[in-house]
>>> print(open('data_6.txt').read())   # compact mmCIF, C-alpha atoms
# COMPACT_ATOMS: atom_id res chain seq x y z
CA MET C 17 14.10 -22.99 31.91
CA GLU C 18 14.25 -19.22 32.19
CA VAL C 19 16.75 -19.07 29.31
CA VAL C 20 14.50 -21.18 27.10
CA SER C 21 11.51 -19.01 27.95
CA SER C 22 13.49 -15.84 27.14
CA LEU C 23 14.67 -17.35 23.87
CA VAL C 24 11.14 -18.36 22.87
CA SER C 25 9.83 -14.91 23.79
CA PHE C 26 12.61 -13.22 21.78
CA THR C 27 11.95 -15.47 18.75
CA LEU C 28 8.21 -14.82 18.87
CA SER C 29 8.86 -11.10 19.08
CA LYS C 30 11.09 -11.21 15.98
CA VAL C 31 8.58 -13.33 14.05
CA SER C 32 5.86 -10.83 14.93
CA GLN C 33 8.03 -7.91 13.77
CA LEU C 34 8.82 -9.68 10.51
CA SER C 35 5.15 -10.45 9.95
CA ASN C 36 4.21 -6.79 10.57
CA TRP C 37 6.95 -5.67 8.17
CA ASN C 38 5.64 -8.02 5.44
CA VAL C 39 2.08 -6.77 5.93
CA HIS C 40 3.30 -3.15 5.70
CA LYS C 41 5.33 -3.91 2.55
CA THR C 42 2.40 -5.71 0.91
CA ARG C 43 0.11 -2.80 1.73
CA ARG C 44 2.65 -0.34 0.27
CA MET C 45 2.87 -2.37 -2.99
CA GLU C 46 -0.93 -2.44 -3.23
CA GLU C 47 -1.05 1.35 -2.76
CA LYS C 48 1.59 1.83 -5.47
CA ALA C 49 -0.38 -0.47 -7.80
CA LEU C 50 -3.52 1.62 -7.26
CA GLU C 51 -1.51 4.78 -7.91
CA VAL C 52 -0.32 3.29 -11.21
CA TYR C 53 -3.84 2.18 -12.12
CA ASP C 54 -5.17 5.68 -11.47
CA VAL C 55 -2.70 6.99 -14.05
CA ILE C 56 -3.56 4.49 -16.81
CA ARG C 57 -7.30 4.06 -16.35
CA SER C 58 -8.11 7.36 -18.11
CA ILE C 59 -6.09 6.65 -21.27
CA ARG C 60 -8.49 6.77 -24.19
CA ASP C 61 -8.76 4.03 -26.78
CA PRO C 62 -7.30 5.13 -30.16
CA GLU C 63 -10.46 4.09 -32.06
CA LYS C 64 -13.32 4.46 -29.62
CA PRO C 65 -14.49 7.34 -27.42
CA ASN C 66 -13.97 5.18 -24.31
CA THR C 67 -11.18 4.88 -21.80
CA LEU C 68 -9.13 1.72 -21.40
CA GLU C 69 -10.86 1.21 -18.05
CA GLU C 70 -14.34 1.45 -19.59
CA LEU C 71 -13.37 -1.13 -22.23
CA GLU C 72 -11.77 -3.34 -19.55
CA VAL C 73 -8.47 -3.27 -21.43
CA VAL C 74 -6.95 -2.38 -18.05
CA THR C 75 -8.27 -3.28 -14.61
CA GLU C 76 -6.94 -2.87 -11.08
CA THR C 77 -5.74 -6.47 -11.15
CA CYS C 78 -3.62 -5.96 -14.28
CA VAL C 79 -1.07 -3.89 -12.34
CA GLU C 80 1.66 -5.49 -10.23
CA VAL C 81 4.31 -3.55 -8.33
CA GLN C 82 7.48 -5.01 -6.83
CA ASP C 83 9.94 -3.24 -4.57
CA LEU C 84 13.43 -3.05 -6.08
CA GLY C 85 14.88 -1.19 -3.08
CA ASP C 86 16.21 2.36 -2.82
CA GLU C 87 12.70 3.74 -3.43
CA GLU C 88 12.57 2.17 -6.90
CA TYR C 89 9.81 -0.12 -8.10
CA LEU C 90 9.21 -2.61 -10.90
CA ILE C 91 5.82 -2.04 -12.48
CA ILE C 92 4.34 -4.87 -14.51
CA ILE C 93 1.19 -4.24 -16.50
CA ARG C 94 -0.73 -6.94 -18.35
CA PHE C 95 -3.45 -5.44 -20.53
CA SER C 96 -6.13 -7.22 -22.55
CA PRO C 97 -7.03 -5.91 -26.01
CA THR C 98 -10.74 -5.94 -26.81
CA VAL C 99 -10.30 -8.53 -29.59
CA PRO C 100 -7.58 -11.16 -30.27
CA HIS C 101 -6.60 -9.49 -33.57
CA CYS C 102 -6.64 -5.88 -32.34
CA SER C 103 -4.50 -3.90 -34.78
CA LEU C 104 -3.94 -1.14 -32.23
CA ALA C 105 -2.55 -3.25 -29.38
CA THR C 106 0.97 -1.93 -29.99
CA LEU C 107 -0.33 1.64 -29.95
CA ILE C 108 -2.15 0.97 -26.66
CA GLY C 109 1.09 -0.37 -25.18
CA LEU C 110 2.89 2.75 -26.40
CA CYS C 111 0.26 4.96 -24.73
CA LEU C 112 0.72 3.06 -21.47
CA GLN C 113 4.51 3.54 -21.69
CA VAL C 114 4.28 7.26 -22.43
CA LYS C 115 1.66 8.09 -19.81
CA LEU C 116 3.47 6.23 -17.03
CA GLN C 117 6.87 7.67 -17.91
CA ARG C 118 5.37 11.16 -17.71
CA CYS C 119 3.14 10.84 -14.70
CA LEU C 120 4.64 8.57 -12.07
CA PRO C 121 6.25 10.55 -9.25
CA PHE C 122 8.61 7.75 -8.17
CA LYS C 123 11.55 5.89 -9.70
CA HIS C 124 10.47 2.83 -11.60
CA LYS C 125 11.21 0.23 -14.22
CA LEU C 126 8.35 -0.62 -16.48
CA GLU C 127 7.31 -3.85 -18.18
CA ILE C 128 4.14 -3.93 -20.25
CA TYR C 129 2.67 -7.11 -21.67
CA ILE C 130 -0.46 -8.26 -23.40
CA SER C 131 -2.25 -10.71 -21.12
CA GLU C 132 -1.43 -14.25 -22.13
CA GLY C 133 -3.86 -15.69 -24.64
CA THR C 134 -5.65 -12.41 -25.42
CA HIS C 135 -3.95 -11.53 -28.73
CA SER C 136 -2.86 -13.51 -31.77
CA THR C 137 0.61 -11.86 -31.93
CA GLU C 138 1.16 -11.08 -28.25
CA GLU C 139 4.81 -12.23 -28.22
CA ASP C 140 5.83 -9.88 -31.05
CA ILE C 141 3.91 -6.97 -29.58
CA ASN C 142 5.39 -7.55 -26.11
CA LYS C 143 8.88 -7.26 -27.61
CA GLN C 144 7.99 -4.03 -29.41
CA ILE C 145 6.41 -2.22 -26.48
CA ASN C 146 9.26 -3.10 -24.12
CA ASP C 147 12.03 -2.06 -26.53
CA LYS C 148 13.14 1.46 -25.53
CA GLU C 149 14.66 2.20 -28.93
CA ARG C 150 11.46 1.24 -30.77
CA VAL C 151 9.37 3.32 -28.35
CA ALA C 152 11.66 6.33 -28.86
CA ALA C 153 11.57 5.90 -32.66
CA ALA C 154 7.77 5.62 -32.63
CA MET C 155 7.48 8.86 -30.66
CA GLU C 156 9.61 10.65 -33.26
CA ASN C 157 6.90 9.99 -35.86
CA PRO C 158 4.72 13.15 -35.78
CA ASN C 159 1.50 11.35 -36.77
CA LEU C 160 1.97 8.62 -34.19
CA ARG C 161 2.97 11.14 -31.52
CA GLU C 162 -0.22 13.12 -32.17
CA ILE C 163 -2.39 10.01 -31.75
CA VAL C 164 -0.60 9.08 -28.52
CA GLU C 165 -1.04 12.64 -27.20
CA GLN C 166 -4.77 12.51 -27.90
CA CYS C 167 -5.05 9.20 -26.04
CA VAL C 168 -3.00 10.13 -22.96
CA THR C 169 -4.10 13.76 -22.46
CA GLU C 170 -6.62 14.14 -19.65
CA PRO C 171 -9.97 15.67 -20.70
CA ASP C 172 -9.43 18.76 -18.54
CA ASP C 173 -5.82 19.38 -19.64
>>> encode(input="data_6.txt", output="structure tokens")
Amino acid sequence: MEVVSSLVSFTLSKVSQLSNWNVHKTRRMEEKALEVYDVIRSIRDPEKPNTLEELEVVTETCVEVQDLGDEEYLIIIRFSPTVPHCSLATLIGLCLQVKLQRCLPFKHKLEIYISEGTHSTEEDINKQINDKERVAAAMENPNLREIVEQCVTEPDD
């Protein structure tokens, strides 16, 4: 009976440790997601004088962070353009890419998507904004680069 009691006690201890570890990991992912959101919320809309946060293009719930190990994270952002035919959705995705690549202080992989059902050509745009070669080519265009810079630069920079 003593052996069974010790075994049960040991098992409960391990389950408790695992539960605490999962709570800690979840809390860490939530903190990383808020850190990411703090970076993107101030990006300005290319057409309007508002930020993406003010227009509810991005919200705290649109950011998901997953632990990839070795202090590297997968960041998934799902943004919602203001209208289903928004002609600047690709540019907004580009701004998100650029700002996060510049500002995040930790190793990460980035996936940016238009929220399902919020844009008429979301599939095509998702491919464009997650294609590193297309992003690099877009940033070589001086006019496009200037627009992106205006959108991602903080007001007090």
>>> residues_around(input="data_6.txt", residues="Asp86 of chain C", least_positions_apart="4", cutoff="12 Å", atoms="all atoms listed in the file", output="MDAnalysis selection string")
chainID C and resid 90 122:124
>>> closest_residue(input="data_6.txt", among="C:Asp54, C:Cys102, C:Gln82, C:Lys143", to="Thr42 of chain C", atoms="only C-alpha atoms")
C:Gln82
>>> closest_residue(input="data_6.txt", among="C:Thr106, C:Ser131, C:Cys167, C:Leu126", to="Gln144 of chain C", atoms="only C-alpha atoms")
C:Thr106
>>> atom_distance(input="data_6.txt", atom1="atom CA of Ile93 of chain C", atom2="atom CA of Glu70 of chain C")
16.8 Å
>>> closest_residue(input="data_6.txt", among="C:Val79, C:Lys125, C:Ile92, C:Leu112", to="Glu51 of chain C", atoms="all atoms listed in the file")
C:Val79
>>> closest_residue(input="data_6.txt", among="C:Val81, C:Met155, C:Ser22, C:Pro65", to="Arg43 of chain C", atoms="all atoms listed in the file")
C:Val81
>>> atom_distance(input="data_6.txt", atom1="atom CA of Ala105 of chain C", atom2="atom CA of Val168 of chain C")
14.8 Å
>>> atom_distance(input="data_6.txt", atom1="atom CA of Lys64 of chain C", atom2="atom CA of Ala49 of chain C")
25.8 Å
>>> residues_around(input="data_6.txt", residues="Arg94 of chain C", least_positions_apart="5", cutoff="10 Å", atoms="all atoms listed in the file", output="PyMOL selection string")
chain C and resi 73-75+77-80+109+127-132+142
>>> closest_residue(input="data_6.txt", among="C:Lys48, C:His101, C:Lys41, C:Arg150", to="Glu76 of chain C", atoms="all atoms listed in the file")
C:Lys48
>>> closest_residue(input="data_6.txt", among="C:Ile141, C:Val55, C:Ile163, C:Ile91", to="Cys119 of chain C", atoms="all atoms listed in the file")
C:Val55
